[in-house]
Amino acid sequence: MENMHKGKKKELTGLIISDKMDKSVIVQVERFIQHKMYKKFIKQYKKYHAHDEKNECRIGDAVKIIETRPLSKLKRFRVSEIVKKAV
């Protein structure tokens with residue numbers, strides 16, 4: 001029963017939609033799911049609060065976030081790398 005969560009941590013890629021907080025950003029992750037009945041592919045979005053230690057992320061940046069221990073009430077991810085800077 002113990003050590004259930006040891007292993008691969010969830011890794012997601014998304015766009016930063018808010019950087020107003022100190023050392024925190026909100027990342028919007030987009031994913032495609034197929035409708036069960038109609039079989040059409042639908043875009044779904046989810047927002048994650050992520051920890052940005054050096055405050056280097058800006059709105060519009062594409063980032064990779066990785067699952068970590070709870071850092072606050074909402075933060076369960078941290079920014080692992082900036083994939084693409086916003087222009």
# chains A, B, ... in the order shown; residues from 1 in each chain; ligands from 1
>>> select_by_dssp(residues="range 2-87 of chain A", states="strand (DSSP E or B)", output="compact mmCIF listing (two decimals) with all heavy atoms, in the first residue's frame")
# COMPACT_ATOMS: atom_id res chain seq x y z
N GLU A 11 3.75 15.14 -16.21
CA GLU A 11 4.39 16.25 -16.92
C GLU A 11 3.40 16.79 -17.93
O GLU A 11 2.87 16.05 -18.74
CB GLU A 11 5.65 15.75 -17.64
CG GLU A 11 6.92 16.30 -17.04
CD GLU A 11 8.15 16.00 -17.86
OE1 GLU A 11 8.08 16.08 -19.10
OE2 GLU A 11 9.19 15.69 -17.24
N LEU A 12 3.16 18.10 -17.88
CA LEU A 12 2.21 18.73 -18.78
C LEU A 12 2.86 19.93 -19.46
O LEU A 12 3.79 20.53 -18.93
CB LEU A 12 0.97 19.20 -18.00
CG LEU A 12 0.23 18.14 -17.19
CD1 LEU A 12 -0.73 18.81 -16.23
CD2 LEU A 12 -0.52 17.20 -18.10
N THR A 13 2.34 20.28 -20.63
CA THR A 13 2.82 21.45 -21.36
C THR A 13 1.64 22.39 -21.59
O THR A 13 0.57 21.94 -21.98
CB THR A 13 3.44 21.04 -22.72
OG1 THR A 13 4.41 20.02 -22.48
CG2 THR A 13 4.11 22.22 -23.39
N GLY A 14 1.87 23.68 -21.33
CA GLY A 14 0.79 24.64 -21.51
C GLY A 14 1.29 26.06 -21.64
O GLY A 14 2.50 26.32 -21.64
N LEU A 15 0.34 26.98 -21.73
CA LEU A 15 0.64 28.40 -21.90
C LEU A 15 0.37 29.14 -20.59
O LEU A 15 -0.60 28.85 -19.90
CB LEU A 15 -0.24 29.02 -22.98
CG LEU A 15 0.12 28.74 -24.43
CD1 LEU A 15 -0.93 29.32 -25.34
CD2 LEU A 15 1.47 29.32 -24.78
N ILE A 16 1.23 30.11 -20.28
CA ILE A 16 1.03 30.92 -19.09
C ILE A 16 -0.02 31.97 -19.37
O ILE A 16 0.08 32.72 -20.35
CB ILE A 16 2.36 31.55 -18.63
CG1 ILE A 16 3.27 30.44 -18.18
CG2 ILE A 16 2.11 32.59 -17.55
CD1 ILE A 16 4.55 30.86 -17.57
N ILE A 17 -1.06 32.01 -18.53
CA ILE A 17 -2.12 32.99 -18.73
C ILE A 17 -2.11 34.06 -17.64
O ILE A 17 -2.78 35.07 -17.77
CB ILE A 17 -3.51 32.32 -18.83
CG1 ILE A 17 -3.81 31.46 -17.63
CG2 ILE A 17 -3.62 31.52 -20.11
CD1 ILE A 17 -5.24 30.96 -17.58
N SER A 18 -1.34 33.83 -16.56
CA SER A 18 -1.22 34.85 -15.52
C SER A 18 0.12 34.71 -14.80
O SER A 18 0.53 33.61 -14.47
CB SER A 18 -2.36 34.73 -14.50
OG SER A 18 -2.15 35.60 -13.43
N SER A 24 4.71 32.50 -8.60
CA SER A 24 3.64 31.60 -9.02
C SER A 24 3.10 32.04 -10.37
O SER A 24 3.11 33.22 -10.69
CB SER A 24 2.48 31.63 -8.02
OG SER A 24 2.91 31.22 -6.76
N VAL A 25 2.66 31.06 -11.16
CA VAL A 25 2.04 31.34 -12.44
C VAL A 25 0.82 30.44 -12.61
O VAL A 25 0.72 29.41 -11.95
CB VAL A 25 3.01 31.11 -13.64
CG1 VAL A 25 4.09 32.15 -13.68
CG2 VAL A 25 3.59 29.71 -13.61
N ILE A 26 -0.09 30.85 -13.49
CA ILE A 26 -1.21 29.99 -13.84
C ILE A 26 -0.99 29.51 -15.27
O ILE A 26 -0.78 30.32 -16.18
CB ILE A 26 -2.56 30.72 -13.70
CG1 ILE A 26 -2.77 31.16 -12.25
CG2 ILE A 26 -3.70 29.79 -14.13
CD1 ILE A 26 -4.02 31.95 -12.02
N VAL A 27 -0.99 28.20 -15.44
CA VAL A 27 -0.72 27.58 -16.74
C VAL A 27 -2.00 26.93 -17.25
O VAL A 27 -2.65 26.18 -16.53
CB VAL A 27 0.39 26.51 -16.61
CG1 VAL A 27 0.69 25.88 -17.96
CG2 VAL A 27 1.65 27.10 -16.01
N GLN A 28 -2.35 27.25 -18.50
CA GLN A 28 -3.53 26.64 -19.12
C GLN A 28 -3.07 25.50 -20.03
O GLN A 28 -2.31 25.72 -20.96
CB GLN A 28 -4.30 27.68 -19.93
CG GLN A 28 -5.54 27.11 -20.59
CD GLN A 28 -6.40 28.18 -21.20
OE1 GLN A 28 -7.01 28.96 -20.50
NE2 GLN A 28 -6.42 28.24 -22.51
N VAL A 29 -3.54 24.30 -19.72
CA VAL A 29 -3.16 23.11 -20.48
C VAL A 29 -4.34 22.72 -21.36
O VAL A 29 -5.47 22.62 -20.89
CB VAL A 29 -2.77 21.95 -19.53
CG1 VAL A 29 -2.48 20.68 -20.31
CG2 VAL A 29 -1.57 22.34 -18.69
N GLU A 30 -4.05 22.51 -22.64
CA GLU A 30 -5.07 22.15 -23.62
C GLU A 30 -4.93 20.68 -23.97
O GLU A 30 -3.83 20.19 -24.15
CB GLU A 30 -4.86 23.01 -24.88
CG GLU A 30 -5.76 22.69 -26.03
CD GLU A 30 -5.35 23.44 -27.29
OE1 GLU A 30 -5.32 24.69 -27.25
OE2 GLU A 30 -5.04 22.78 -28.29
N ARG A 31 -6.05 19.96 -24.04
CA ARG A 31 -5.99 18.57 -24.47
C ARG A 31 -7.19 18.25 -25.34
O ARG A 31 -8.25 18.88 -25.23
CB ARG A 31 -5.88 17.62 -23.28
CG ARG A 31 -7.06 17.60 -22.36
CD ARG A 31 -6.77 16.80 -21.10
NE ARG A 31 -8.03 16.56 -20.41
CZ ARG A 31 -8.62 15.37 -20.33
NH1 ARG A 31 -8.05 14.31 -20.85
NH2 ARG A 31 -9.77 15.24 -19.70
N PHE A 32 -7.02 17.28 -26.23
CA PHE A 32 -8.09 16.85 -27.12
C PHE A 32 -8.69 15.58 -26.57
O PHE A 32 -7.98 14.63 -26.25
CB PHE A 32 -7.54 16.58 -28.52
CG PHE A 32 -7.33 17.83 -29.32
CD1 PHE A 32 -6.10 18.44 -29.37
CD2 PHE A 32 -8.38 18.40 -30.03
CE1 PHE A 32 -5.89 19.58 -30.11
CE2 PHE A 32 -8.19 19.54 -30.76
CZ PHE A 32 -6.95 20.14 -30.82
N ILE A 33 -10.04 15.56 -26.47
CA ILE A 33 -10.72 14.33 -26.09
C ILE A 33 -11.78 14.04 -27.15
O ILE A 33 -12.26 14.94 -27.83
CB ILE A 33 -11.38 14.42 -24.69
CG1 ILE A 33 -12.42 15.53 -24.63
CG2 ILE A 33 -10.34 14.59 -23.60
CD1 ILE A 33 -13.67 15.09 -23.94
N GLN A 34 -12.11 12.77 -27.27
CA GLN A 34 -13.12 12.38 -28.24
C GLN A 34 -14.46 12.23 -27.53
O GLN A 34 -14.54 11.59 -26.48
CB GLN A 34 -12.73 11.06 -28.91
CG GLN A 34 -13.56 10.75 -30.13
CD GLN A 34 -13.10 9.47 -30.82
OE1 GLN A 34 -12.59 8.57 -30.18
NE2 GLN A 34 -13.28 9.42 -32.12
N PHE A 41 -13.76 15.26 -31.96
CA PHE A 41 -12.70 15.67 -31.04
C PHE A 41 -12.96 17.08 -30.53
O PHE A 41 -13.24 17.98 -31.29
CB PHE A 41 -11.33 15.58 -31.73
CG PHE A 41 -10.84 14.17 -31.85
CD1 PHE A 41 -11.08 13.43 -33.00
CD2 PHE A 41 -10.18 13.56 -30.80
CE1 PHE A 41 -10.65 12.12 -33.12
CE2 PHE A 41 -9.74 12.25 -30.90
CZ PHE A 41 -9.98 11.53 -32.06
N ILE A 42 -12.86 17.21 -29.20
CA ILE A 42 -13.16 18.47 -28.53
C ILE A 42 -11.93 18.94 -27.77
O ILE A 42 -11.22 18.12 -27.17
CB ILE A 42 -14.32 18.28 -27.51
CG1 ILE A 42 -15.52 17.64 -28.19
CG2 ILE A 42 -14.70 19.60 -26.85
CD1 ILE A 42 -16.51 17.05 -27.21
N LYS A 43 -11.68 20.26 -27.80
CA LYS A 43 -10.58 20.82 -27.02
C LYS A 43 -11.09 21.03 -25.60
O LYS A 43 -12.16 21.58 -25.39
CB LYS A 43 -10.18 22.19 -27.57
CG LYS A 43 -9.15 22.18 -28.64
CD LYS A 43 -8.76 23.61 -28.96
CE LYS A 43 -8.16 23.69 -30.34
NZ LYS A 43 -7.96 25.08 -30.75
N GLN A 44 -10.29 20.61 -24.64
CA GLN A 44 -10.60 20.88 -23.24
C GLN A 44 -9.43 21.61 -22.62
O GLN A 44 -8.28 21.30 -22.92
CB GLN A 44 -10.84 19.58 -22.47
CG GLN A 44 -12.24 19.09 -22.54
CD GLN A 44 -12.51 17.98 -21.54
OE1 GLN A 44 -11.60 17.41 -20.95
NE2 GLN A 44 -13.78 17.67 -21.36
N TYR A 45 -9.74 22.59 -21.76
CA TYR A 45 -8.70 23.37 -21.11
C TYR A 45 -8.79 23.18 -19.60
O TYR A 45 -9.87 23.03 -19.06
CB TYR A 45 -8.87 24.86 -21.42
CG TYR A 45 -8.79 25.20 -22.87
CD1 TYR A 45 -9.93 25.35 -23.64
CD2 TYR A 45 -7.56 25.39 -23.49
CE1 TYR A 45 -9.87 25.66 -24.99
CE2 TYR A 45 -7.47 25.70 -24.83
CZ TYR A 45 -8.64 25.84 -25.57
OH TYR A 45 -8.55 26.16 -26.90
N LYS A 46 -7.64 23.19 -18.95
CA LYS A 46 -7.61 23.15 -17.50
C LYS A 46 -6.49 24.06 -17.02
O LYS A 46 -5.44 24.14 -17.64
CB LYS A 46 -7.37 21.73 -17.01
CG LYS A 46 -7.59 21.59 -15.51
CD LYS A 46 -7.67 20.15 -15.08
CE LYS A 46 -7.83 20.14 -13.57
NZ LYS A 46 -7.81 18.78 -13.04
N LYS A 47 -6.73 24.77 -15.92
CA LYS A 47 -5.74 25.70 -15.38
C LYS A 47 -5.05 25.06 -14.18
O LYS A 47 -5.70 24.44 -13.34
CB LYS A 47 -6.41 27.00 -14.94
CG LYS A 47 -7.01 27.79 -16.07
CD LYS A 47 -7.74 28.99 -15.52
CE LYS A 47 -8.53 29.68 -16.61
NZ LYS A 47 -9.40 30.73 -16.07
N TYR A 48 -3.74 25.20 -14.14
CA TYR A 48 -2.95 24.71 -13.03
C TYR A 48 -2.13 25.85 -12.44
O TYR A 48 -1.56 26.65 -13.18
CB TYR A 48 -1.98 23.61 -13.50
CG TYR A 48 -2.66 22.35 -13.99
CD1 TYR A 48 -2.93 22.17 -15.34
CD2 TYR A 48 -3.01 21.34 -13.10
CE1 TYR A 48 -3.54 21.01 -15.79
CE2 TYR A 48 -3.62 20.18 -13.54
CZ TYR A 48 -3.89 20.02 -14.90
OH TYR A 48 -4.49 18.88 -15.33
N HIS A 49 -2.04 25.90 -11.13
CA HIS A 49 -1.16 26.85 -10.46
C HIS A 49 0.20 26.17 -10.34
O HIS A 49 0.29 25.03 -9.89
CB HIS A 49 -1.70 27.20 -9.07
CG HIS A 49 -2.93 28.03 -9.10
ND1 HIS A 49 -2.94 29.34 -8.68
CD2 HIS A 49 -4.18 27.77 -9.52
CE1 HIS A 49 -4.16 29.83 -8.84
NE2 HIS A 49 -4.94 28.89 -9.35
N ALA A 50 1.24 26.87 -10.77
CA ALA A 50 2.58 26.28 -10.75
C ALA A 50 3.57 27.23 -10.08
O ALA A 50 3.42 28.45 -10.12
CB ALA A 50 3.03 25.97 -12.17
N HIS A 51 4.60 26.64 -9.48
CA HIS A 51 5.63 27.40 -8.78
C HIS A 51 6.73 27.79 -9.75
O HIS A 51 7.26 26.95 -10.47
CB HIS A 51 6.20 26.53 -7.65
CG HIS A 51 7.20 27.23 -6.81
ND1 HIS A 51 6.87 28.28 -5.99
CD2 HIS A 51 8.54 27.05 -6.65
CE1 HIS A 51 7.95 28.70 -5.35
NE2 HIS A 51 8.98 27.98 -5.75
N ALA A 62 5.29 29.34 -23.43
CA ALA A 62 4.94 27.92 -23.39
C ALA A 62 5.89 27.26 -22.41
O ALA A 62 7.10 27.42 -22.52
CB ALA A 62 5.08 27.31 -24.77
N VAL A 63 5.34 26.56 -21.42
CA VAL A 63 6.18 25.97 -20.38
C VAL A 63 5.83 24.51 -20.15
O VAL A 63 4.74 24.05 -20.49
CB VAL A 63 6.04 26.72 -19.02
CG1 VAL A 63 6.62 28.10 -19.11
CG2 VAL A 63 4.62 26.74 -18.53
N LYS A 64 6.79 23.79 -19.60
CA LYS A 64 6.58 22.41 -19.18
C LYS A 64 6.49 22.43 -17.65
O LYS A 64 7.37 22.99 -17.00
CB LYS A 64 7.74 21.54 -19.65
CG LYS A 64 7.42 20.07 -19.68
CD LYS A 64 8.54 19.28 -20.29
CE LYS A 64 8.37 19.23 -21.80
NZ LYS A 64 9.35 18.37 -22.45
N ILE A 65 5.42 21.84 -17.11
CA ILE A 65 5.27 21.79 -15.65
C ILE A 65 5.31 20.34 -15.19
O ILE A 65 4.92 19.44 -15.93
CB ILE A 65 3.98 22.49 -15.16
CG1 ILE A 65 2.73 21.91 -15.81
CG2 ILE A 65 4.06 23.98 -15.37
CD1 ILE A 65 1.43 22.46 -15.28
N ILE A 66 5.81 20.14 -13.98
CA ILE A 66 5.96 18.79 -13.44
C ILE A 66 5.30 18.73 -12.06
O ILE A 66 5.35 19.69 -11.31
CB ILE A 66 7.45 18.37 -13.40
CG1 ILE A 66 7.59 16.90 -13.11
CG2 ILE A 66 8.23 19.20 -12.41
CD1 ILE A 66 8.94 16.33 -13.47
N GLU A 67 4.68 17.60 -11.79
CA GLU A 67 3.99 17.37 -10.53
C GLU A 67 4.99 17.37 -9.37
O GLU A 67 6.10 16.87 -9.51
CB GLU A 67 3.28 16.02 -10.60
CG GLU A 67 2.22 15.80 -9.58
CD GLU A 67 1.48 14.49 -9.81
OE1 GLU A 67 2.02 13.58 -10.47
OE2 GLU A 67 0.37 14.39 -9.30
N PHE A 77 2.19 21.87 -8.81
CA PHE A 77 3.12 21.73 -9.93
C PHE A 77 4.20 22.78 -9.82
O PHE A 77 4.02 23.80 -9.15
CB PHE A 77 2.38 21.93 -11.27
CG PHE A 77 1.54 20.75 -11.66
CD1 PHE A 77 0.24 20.61 -11.20
CD2 PHE A 77 2.05 19.78 -12.50
CE1 PHE A 77 -0.52 19.52 -11.56
CE2 PHE A 77 1.29 18.69 -12.88
CZ PHE A 77 0.00 18.55 -12.40
N ARG A 78 5.34 22.53 -10.49
CA ARG A 78 6.36 23.57 -10.61
C ARG A 78 6.82 23.63 -12.06
O ARG A 78 6.76 22.63 -12.78
CB ARG A 78 7.53 23.32 -9.66
CG ARG A 78 8.30 22.08 -9.90
CD ARG A 78 9.38 21.88 -8.83
NE ARG A 78 9.78 20.49 -8.80
CZ ARG A 78 10.62 19.93 -9.67
NH1 ARG A 78 11.15 20.65 -10.64
NH2 ARG A 78 10.93 18.66 -9.59
N VAL A 79 7.27 24.80 -12.47
CA VAL A 79 7.75 24.99 -13.84
C VAL A 79 9.10 24.31 -13.97
O VAL A 79 10.04 24.65 -13.25
CB VAL A 79 7.85 26.50 -14.18
CG1 VAL A 79 8.43 26.70 -15.57
CG2 VAL A 79 6.50 27.17 -14.06
N SER A 80 9.21 23.34 -14.90
CA SER A 80 10.49 22.65 -15.06
C SER A 80 11.33 23.32 -16.15
O SER A 80 12.55 23.38 -16.02
CB SER A 80 10.28 21.17 -15.37
OG SER A 80 9.56 21.00 -16.55
N GLU A 81 10.67 23.81 -17.20
CA GLU A 81 11.43 24.53 -18.23
C GLU A 81 10.51 25.40 -19.08
O GLU A 81 9.31 25.13 -19.19
CB GLU A 81 12.18 23.55 -19.14
CG GLU A 81 11.30 22.67 -20.01
CD GLU A 81 12.07 21.86 -21.01
OE1 GLU A 81 12.64 22.46 -21.95
OE2 GLU A 81 12.09 20.62 -20.86
N ILE A 82 11.09 26.46 -19.65
CA ILE A 82 10.37 27.31 -20.58
C ILE A 82 10.64 26.78 -21.97
O ILE A 82 11.78 26.76 -22.42
CB ILE A 82 10.79 28.78 -20.44
CG1 ILE A 82 10.49 29.29 -19.04
CG2 ILE A 82 10.10 29.65 -21.49
CD1 ILE A 82 11.05 30.65 -18.72
N VAL A 83 9.60 26.27 -22.63
CA VAL A 83 9.75 25.68 -23.95
C VAL A 83 9.93 26.76 -25.01
O VAL A 83 10.80 26.66 -25.87
CB VAL A 83 8.51 24.80 -24.30
CG1 VAL A 83 8.65 24.18 -25.68
CG2 VAL A 83 8.34 23.71 -23.24
N LYS A 84 9.07 27.81 -24.94
CA LYS A 84 9.13 28.89 -25.93
C LYS A 84 8.76 30.19 -25.27
O LYS A 84 7.73 30.28 -24.59
CB LYS A 84 8.17 28.56 -27.08
CG LYS A 84 8.29 29.48 -28.26
CD LYS A 84 7.36 29.04 -29.38
CE LYS A 84 6.99 30.23 -30.22
NZ LYS A 84 5.61 30.19 -30.69
>>> atom_distance(atom1="CA of Arg69 in chain A", atom2="CA of Asp52 in chain A")
14.3 Å
>>> atom_distance(atom1="CA of Lys85 in chain A", atom2="CA of Leu71 in chain A")
25.2 Å
>>> closest_residue(among="A:His35, A:Lys23, A:Ala86, A:Glu56", to="Ser72 in chain A", atoms="only C-alpha atoms")
A:Lys23
